[in-house]
Amino acid sequence: MTGPSLAVVGRARERALADLVAQLQPAAAAAGFVESADAAEANVVVNVVDVERPQPFRRRSKGTFVAALWTAPEVPEDGLRDTYPMLVRALANISLCYVPGHGVLFTTMERGHYLVPEGEGLASAVVERLEPLATARLVIENEFRTDLEPELWGGDERTAEIAAAGRRLDGLGLLPAPFPVEELVGERDLRHIKRLYAIGGLSYGNLSARKDATRFWMSASGVDKAKLAEPGRDILLVSGYDEDAGRMVLSVPPHVTPRRVSVDAIEHWMIYRQNPEVGAILHVHAWMDGIAATEINYPCGTAELASSVAALVAAAPVPGEAVVGLRNHGITATGAGLLEILDRIEPRLLPQVPMT
Ligand SMILES: [Zn+2]
């Protein structure tokens, strides 16, 4: 079996960045990557971009993971706010900002931002941190079936609970404003972003509530969580998971043009499956002291993030009332209902997610 393939595209104009780029392929080869001459076919593409005029790398397949590598002379004042725009403008899955003498700042879609410090073997350290994220498997396709029972077209008590919890989260200031993606890229690139990340728009956090033994309601992707109202549009009924195709199955009313379900549907699916006592799940970009957390910050919507979070829930003292940390990202909490979860965790929530 051969390892994943990696290609480096673009050119570094700055000397220090060029030196780092030259060390990347050997470091990747040592970590088991195969060098790919054809970037269109590579699993991982490191796109070296110019700060002034970043050339996005347009992938042909969603499976291609693109890291935008660039350089800044000094450590950005606001690690997230100053690097996230490059992630978007370069249409990348992750931004890697090299600050010579300091290290490489990683910025993720999930608002993670952390440093791999300068030192011997910086390229190897970057590859080591990048590899699990870049090779994780996305489960973000949706299959819509117009088989939602007519009595659920207007929702039920559980969709009403999701709506109420969304309003309460908004009131608590627990839904960070999405980065204004529309202002950073043109319409064509915006379509590319939505298609590749399989999102309806950028937003953070999600909520779900169990319907029965096999199905659950979940917030849609990219919607205003303070206004979750209509089934099929704002809230989707997740009724299956097609593992071979890597697709979530959604039951929707026939008269609605459905929105995509949150990319974290696979994570909630695994938690409900493994823990029959879990009645609701809440995910926010906040933190709590003393919680168990994932070791690797896999991207949202990957099978690897889903199984590592589900494993932590299953290992919790009370899986039905668990709070687990997603490293450099946020928390996922389980409970009987969403309002019960909020009552329980609200006094202990910390707005800042620690970055490590
Ligand atoms: Zn998140």
# chains A, B, ... in the order shown; residues from 1 in each chain; ligands from 1
>>> residues_around(residues="A:Ser239", least_positions_apart="6", cutoff="6 Å", atoms="only C-alpha atoms", output="MDAnalysis selection string")
chainID A and resid 215 249:250
>>> write_last_selection(atoms="C-alpha atoms", output="CSV table (one decimal), in the first residue's frame")
chain,number,residue,atom,x,y,z
A,215,ARG,CA,-33.5,9.3,13.7
A,249,VAL,CA,-29.5,10.6,4.5
A,250,LEU,CA,-32.1,13.3,5.2
>>> closest_atom_pairs(of="chain A", to="ligand 1", cutoff="7 Å", atoms="only C-alpha atoms and all ligand atoms", output="Markdown table")
| residue | atom | partner | partner_atom_place_in_ligand_line | distance |
| --- | --- | --- | --- | --- |
| A:Glu110 | CA | ligand 1 | 1 (Zn) | 5.5 |
| A:Tyr204 | CA | ligand 1 | 1 (Zn) | 5.3 |
| A:Gly205 | CA | ligand 1 | 1 (Zn) | 5.1 |
| A:His283 | CA | ligand 1 | 1 (Zn) | 6.5 |
| A:Val284 | CA | ligand 1 | 1 (Zn) | 6.2 |
| A:His285 | CA | ligand 1 | 1 (Zn) | 5.9 |
| A:Cys300 | CA | ligand 1 | 1 (Zn) | 6.7 |
| A:His329 | CA | ligand 1 | 1 (Zn) | 6.1 |
| A:Gly330 | CA | ligand 1 | 1 (Zn) | 6.2 |
>>> select_by_dssp(residues="stretch 99-232 of chain A", states="strand (DSSP E or B)", output="PyMOL selection string")
chain A and resi 99+103-108+113-117+138+141-145+206-210+216-220+231
>>> atom_distance(atom1="atom CA of A:Ile271", atom2="atom CA of A:Val139")
15.1 Å
>>> residues_around(residues="A:Leu342", least_positions_apart="5", cutoff="12 Å", atoms="only C-alpha atoms", output="ChimeraX atom specification")
/A:161-162,164-169,172,174,207,280-284,321,323,332-337,347-349
>>> write_last_selection(atoms="N, CA, C and O atoms", output="mmCIF file, in the first residue's frame")
data_model
loop_
_atom_site.group_PDB
_atom_site.id
_atom_site.type_symbol
_atom_site.label_atom_id
_atom_site.label_comp_id
_atom_site.auth_asym_id
_atom_site.auth_seq_id
_atom_site.Cartn_x
_atom_site.Cartn_y
_atom_site.Cartn_z
ATOM 1 N N GLU A 161 -38.031 22.627 20.494
ATOM 2 C CA GLU A 161 -36.976 22.689 21.503
ATOM 3 C C GLU A 161 -35.655 23.168 20.873
ATOM 4 O O GLU A 161 -34.929 23.975 21.460
ATOM 5 N N ILE A 162 -35.372 22.672 19.666
ATOM 6 C CA ILE A 162 -34.156 23.114 18.958
ATOM 7 C C ILE A 162 -34.233 24.621 18.696
ATOM 8 O O ILE A 162 -33.265 25.357 18.910
ATOM 9 N N ALA A 164 -35.950 26.855 20.377
ATOM 10 C CA ALA A 164 -35.820 27.587 21.648
ATOM 11 C C ALA A 164 -34.370 27.614 22.112
ATOM 12 O O ALA A 164 -33.868 28.648 22.573
ATOM 13 N N ALA A 165 -33.670 26.488 21.966
ATOM 14 C CA ALA A 165 -32.267 26.430 22.390
ATOM 15 C C ALA A 165 -31.401 27.341 21.506
ATOM 16 O O ALA A 165 -30.469 27.977 21.989
ATOM 17 N N GLY A 166 -31.724 27.415 20.220
ATOM 18 C CA GLY A 166 -30.986 28.296 19.310
ATOM 19 C C GLY A 166 -31.129 29.745 19.720
ATOM 20 O O GLY A 166 -30.150 30.500 19.722
ATOM 21 N N ARG A 167 -32.352 30.136 20.097
ATOM 22 C CA ARG A 167 -32.582 31.525 20.545
ATOM 23 C C ARG A 167 -31.812 31.804 21.831
ATOM 24 O O ARG A 167 -31.232 32.870 22.013
ATOM 25 N N ARG A 168 -31.794 30.804 22.723
ATOM 26 C CA ARG A 168 -31.097 31.001 23.991
ATOM 27 C C ARG A 168 -29.582 31.117 23.780
ATOM 28 O O ARG A 168 -28.922 31.966 24.400
ATOM 29 N N LEU A 169 -29.021 30.297 22.893
ATOM 30 C CA LEU A 169 -27.586 30.380 22.574
ATOM 31 C C LEU A 169 -27.238 31.754 22.032
ATOM 32 O O LEU A 169 -26.215 32.345 22.368
ATOM 33 N N LEU A 172 -27.040 34.255 24.687
ATOM 34 C CA LEU A 172 -25.858 34.095 25.535
ATOM 35 C C LEU A 172 -24.589 34.552 24.831
ATOM 36 O O LEU A 172 -23.515 34.536 25.421
ATOM 37 N N LEU A 174 -23.216 32.933 22.409
ATOM 38 C CA LEU A 174 -22.403 31.735 22.174
ATOM 39 C C LEU A 174 -22.305 31.342 20.707
ATOM 40 O O LEU A 174 -21.828 30.271 20.370
ATOM 41 N N LEU A 207 -26.987 22.088 16.837
ATOM 42 C CA LEU A 207 -27.840 21.488 17.852
ATOM 43 C C LEU A 207 -28.610 20.327 17.240
ATOM 44 O O LEU A 207 -28.983 20.397 16.060
ATOM 45 N N ALA A 280 -30.185 14.473 23.298
ATOM 46 C CA ALA A 280 -29.901 15.722 22.587
ATOM 47 C C ALA A 280 -28.400 16.000 22.624
ATOM 48 O O ALA A 280 -27.694 15.525 23.520
ATOM 49 N N ILE A 281 -27.933 16.740 21.620
ATOM 50 C CA ILE A 281 -26.500 17.075 21.527
ATOM 51 C C ILE A 281 -26.350 18.542 21.140
ATOM 52 O O ILE A 281 -27.051 19.040 20.260
ATOM 53 N N LEU A 282 -25.416 19.207 21.834
ATOM 54 C CA LEU A 282 -25.153 20.620 21.578
ATOM 55 C C LEU A 282 -23.654 20.805 21.320
ATOM 56 O O LEU A 282 -22.829 20.256 22.037
ATOM 57 N N HIS A 283 -23.323 21.572 20.279
ATOM 58 C CA HIS A 283 -21.908 21.872 20.003
ATOM 59 C C HIS A 283 -21.729 23.378 19.892
ATOM 60 O O HIS A 283 -22.410 24.038 19.114
ATOM 61 N N VAL A 284 -20.835 23.920 20.711
ATOM 62 C CA VAL A 284 -20.543 25.353 20.651
ATOM 63 C C VAL A 284 -19.032 25.578 20.703
ATOM 64 O O VAL A 284 -18.276 24.723 21.166
ATOM 65 N N GLU A 321 -24.892 12.436 29.942
ATOM 66 C CA GLU A 321 -24.712 13.809 30.431
ATOM 67 C C GLU A 321 -23.240 14.174 30.345
ATOM 68 O O GLU A 321 -22.609 14.554 31.329
ATOM 69 N N VAL A 323 -19.726 16.107 28.675
ATOM 70 C CA VAL A 323 -19.190 17.285 27.985
ATOM 71 C C VAL A 323 -17.773 16.921 27.562
ATOM 72 O O VAL A 323 -16.945 16.586 28.410
ATOM 73 N N THR A 332 -18.621 19.466 22.762
ATOM 74 C CA THR A 332 -19.845 18.766 22.394
ATOM 75 C C THR A 332 -20.424 18.227 23.695
ATOM 76 O O THR A 332 -19.712 17.572 24.468
ATOM 77 N N ALA A 333 -21.700 18.539 23.951
ATOM 78 C CA ALA A 333 -22.338 18.134 25.210
ATOM 79 C C ALA A 333 -23.578 17.313 24.920
ATOM 80 O O ALA A 333 -24.305 17.582 23.961
ATOM 81 N N THR A 334 -23.805 16.296 25.744
ATOM 82 C CA THR A 334 -24.995 15.455 25.572
ATOM 83 C C THR A 334 -25.936 15.630 26.760
ATOM 84 O O THR A 334 -25.521 16.048 27.837
ATOM 85 N N GLY A 335 -27.204 15.287 26.558
ATOM 86 C CA GLY A 335 -28.174 15.372 27.641
ATOM 87 C C GLY A 335 -29.498 14.775 27.224
ATOM 88 O O GLY A 335 -29.632 14.238 26.109
ATOM 89 N N ALA A 336 -30.476 14.887 28.105
ATOM 90 C CA ALA A 336 -31.808 14.387 27.788
ATOM 91 C C ALA A 336 -32.478 15.327 26.789
ATOM 92 O O ALA A 336 -33.187 14.908 25.880
ATOM 93 N N GLY A 337 -32.243 16.632 26.983
ATOM 94 C CA GLY A 337 -32.812 17.634 26.097
ATOM 95 C C GLY A 337 -31.869 18.819 26.001
ATOM 96 O O GLY A 337 -30.967 18.971 26.838
ATOM 97 N N PRO A 347 -23.436 27.684 33.577
ATOM 98 C CA PRO A 347 -22.634 28.353 34.611
ATOM 99 C C PRO A 347 -21.134 28.087 34.489
ATOM 100 O O PRO A 347 -20.323 28.837 35.034
ATOM 101 N N ARG A 348 -20.745 27.024 33.788
ATOM 102 C CA ARG A 348 -19.321 26.651 33.722
ATOM 103 C C ARG A 348 -18.667 26.977 32.380
ATOM 104 O O ARG A 348 -17.493 26.689 32.177
ATOM 105 N N LEU A 349 -19.425 27.530 31.451
ATOM 106 C CA LEU A 349 -18.867 27.778 30.115
ATOM 107 C C LEU A 349 -17.847 28.911 30.109
ATOM 108 O O LEU A 349 -18.060 29.956 30.704
#
>>> select_by_dssp(residues="stretch 178-249 of chain A", states="helix (DSSP H, G or I)", output="ChimeraX atom specification")
/A:181-184,187-196,225-227
>>> atom_distance(atom1="atom CA of A:Arg327", atom2="atom CA of A:Pro351")
14.4 Å
>>> residues_around(residues="stretch 114-130 of chain A", least_positions_apart="4", cutoff="6 Å", atoms="only C-alpha atoms", output="PDB file with N, CA and C atoms, in the first residue's frame")
ATOM      1  N   GLN A  23      12.220  22.156   2.191  1.00  0.00           N
ATOM      2  CA  GLN A  23      12.316  21.047   3.157  1.00  0.00           C
ATOM      3  C   GLN A  23      11.018  20.257   3.292  1.00  0.00           C
ATOM      4  N   LEU A  24       9.938  20.768   2.689  1.00  0.00           N
ATOM      5  CA  LEU A  24       8.634  20.132   2.899  1.00  0.00           C
ATOM      6  C   LEU A  24       8.521  18.743   2.269  1.00  0.00           C
ATOM      7  N   ALA A  27      10.473  16.120   4.093  1.00  0.00           N
ATOM      8  CA  ALA A  27       9.827  15.851   5.390  1.00  0.00           C
ATOM      9  C   ALA A  27       8.564  15.016   5.184  1.00  0.00           C
ATOM     10  N   GLY A 101      11.763  32.798  12.460  1.00  0.00           N
ATOM     11  CA  GLY A 101      12.252  33.014  13.824  1.00  0.00           C
ATOM     12  C   GLY A 101      11.206  32.727  14.878  1.00  0.00           C
ATOM     13  N   HIS A 102       9.963  32.537  14.464  1.00  0.00           N
ATOM     14  CA  HIS A 102       8.867  32.321  15.416  1.00  0.00           C
ATOM     15  C   HIS A 102       8.218  30.953  15.219  1.00  0.00           C
ATOM     16  N   GLY A 103       7.885  30.640  13.974  1.00  0.00           N
ATOM     17  CA  GLY A 103       7.270  29.340  13.700  1.00  0.00           C
ATOM     18  C   GLY A 103       6.160  29.443  12.676  1.00  0.00           C
ATOM     19  N   VAL A 104       5.366  28.369  12.563  1.00  0.00           N
ATOM     20  CA  VAL A 104       4.272  28.334  11.597  1.00  0.00           C
ATOM     21  C   VAL A 104       2.943  28.365  12.347  1.00  0.00           C
ATOM     22  N   LEU A 105       2.140  29.380  12.039  1.00  0.00           N
ATOM     23  CA  LEU A 105       0.828  29.532  12.666  1.00  0.00           C
ATOM     24  C   LEU A 105      -0.210  28.781  11.838  1.00  0.00           C
ATOM     25  N   PHE A 106      -0.883  27.846  12.461  1.00  0.00           N
ATOM     26  CA  PHE A 106      -1.953  27.105  11.801  1.00  0.00           C
ATOM     27  C   PHE A 106      -3.276  27.819  12.071  1.00  0.00           C
ATOM     28  N   ALA A 134      -5.066  16.389   7.158  1.00  0.00           N
ATOM     29  CA  ALA A 134      -5.123  16.386   5.704  1.00  0.00           C
ATOM     30  C   ALA A 134      -5.614  15.065   5.124  1.00  0.00           C
ATOM     31  N   MET A 355      -5.934  27.320  22.979  1.00  0.00           N
ATOM     32  CA  MET A 355      -5.277  26.900  21.738  1.00  0.00           C
ATOM     33  C   MET A 355      -3.919  26.289  22.075  1.00  0.00           C
ATOM     34  N   THR A 356      -3.722  25.055  21.652  1.00  0.00           N
ATOM     35  CA  THR A 356      -2.479  24.366  21.992  1.00  0.00           C
ATOM     36  C   THR A 356      -1.819  23.743  20.778  1.00  0.00           C
TER      37      THR A 356
END
>>> closest_residue(among="A:Asp19, A:Asp289, A:Asp242, A:Glu277", to="A:Phe144", atoms="only C-alpha atoms")
A:Asp242
>>> closest_residue(among="A:Asp38, A:Asp82, A:Asp212, A:Glu295", to="A:Arg158", atoms="only C-alpha atoms")
A:Asp212
>>> closest_residue(among="A:Ala213, A:Ala306, A:Ala31, A:Leu148", to="A:Gly232", atoms="only C-alpha atoms")
A:Leu148
>>> atom_distance(atom1="atom CA of A:Asp147", atom2="atom CA of A:Leu339")
28.8 Å
>>> residues_around(residues="A:Val263", least_positions_apart="6", cutoff="7 Å", atoms="only C-alpha atoms", output="PDB file with N, CA, C and O atoms, in the first residue's frame")
ATOM      1  N   ILE A 140     -19.581  14.479   4.160  1.00  0.00           N
ATOM      2  CA  ILE A 140     -20.375  15.700   4.127  1.00  0.00           C
ATOM      3  C   ILE A 140     -21.408  15.714   3.011  1.00  0.00           C
ATOM      4  O   ILE A 140     -22.123  16.696   2.836  1.00  0.00           O
ATOM      5  N   SER A 221     -26.896  23.676   7.829  1.00  0.00           N
ATOM      6  CA  SER A 221     -25.589  24.320   7.706  1.00  0.00           C
ATOM      7  C   SER A 221     -25.738  25.784   7.282  1.00  0.00           C
ATOM      8  O   SER A 221     -26.510  26.095   6.379  1.00  0.00           O
ATOM      9  N   CYS A 300     -13.993  19.484  10.929  1.00  0.00           N
ATOM     10  CA  CYS A 300     -15.419  19.218  11.026  1.00  0.00           C
ATOM     11  C   CYS A 300     -15.849  18.345   9.857  1.00  0.00           C
ATOM     12  O   CYS A 300     -15.370  18.536   8.742  1.00  0.00           O
ATOM     13  N   GLY A 301     -16.780  17.450  10.128  1.00  0.00           N
ATOM     14  CA  GLY A 301     -17.346  16.667   9.032  1.00  0.00           C
ATOM     15  C   GLY A 301     -16.510  15.466   8.640  1.00  0.00           C
ATOM     16  O   GLY A 301     -16.809  14.807   7.650  1.00  0.00           O
TER      17      GLY A 301
END
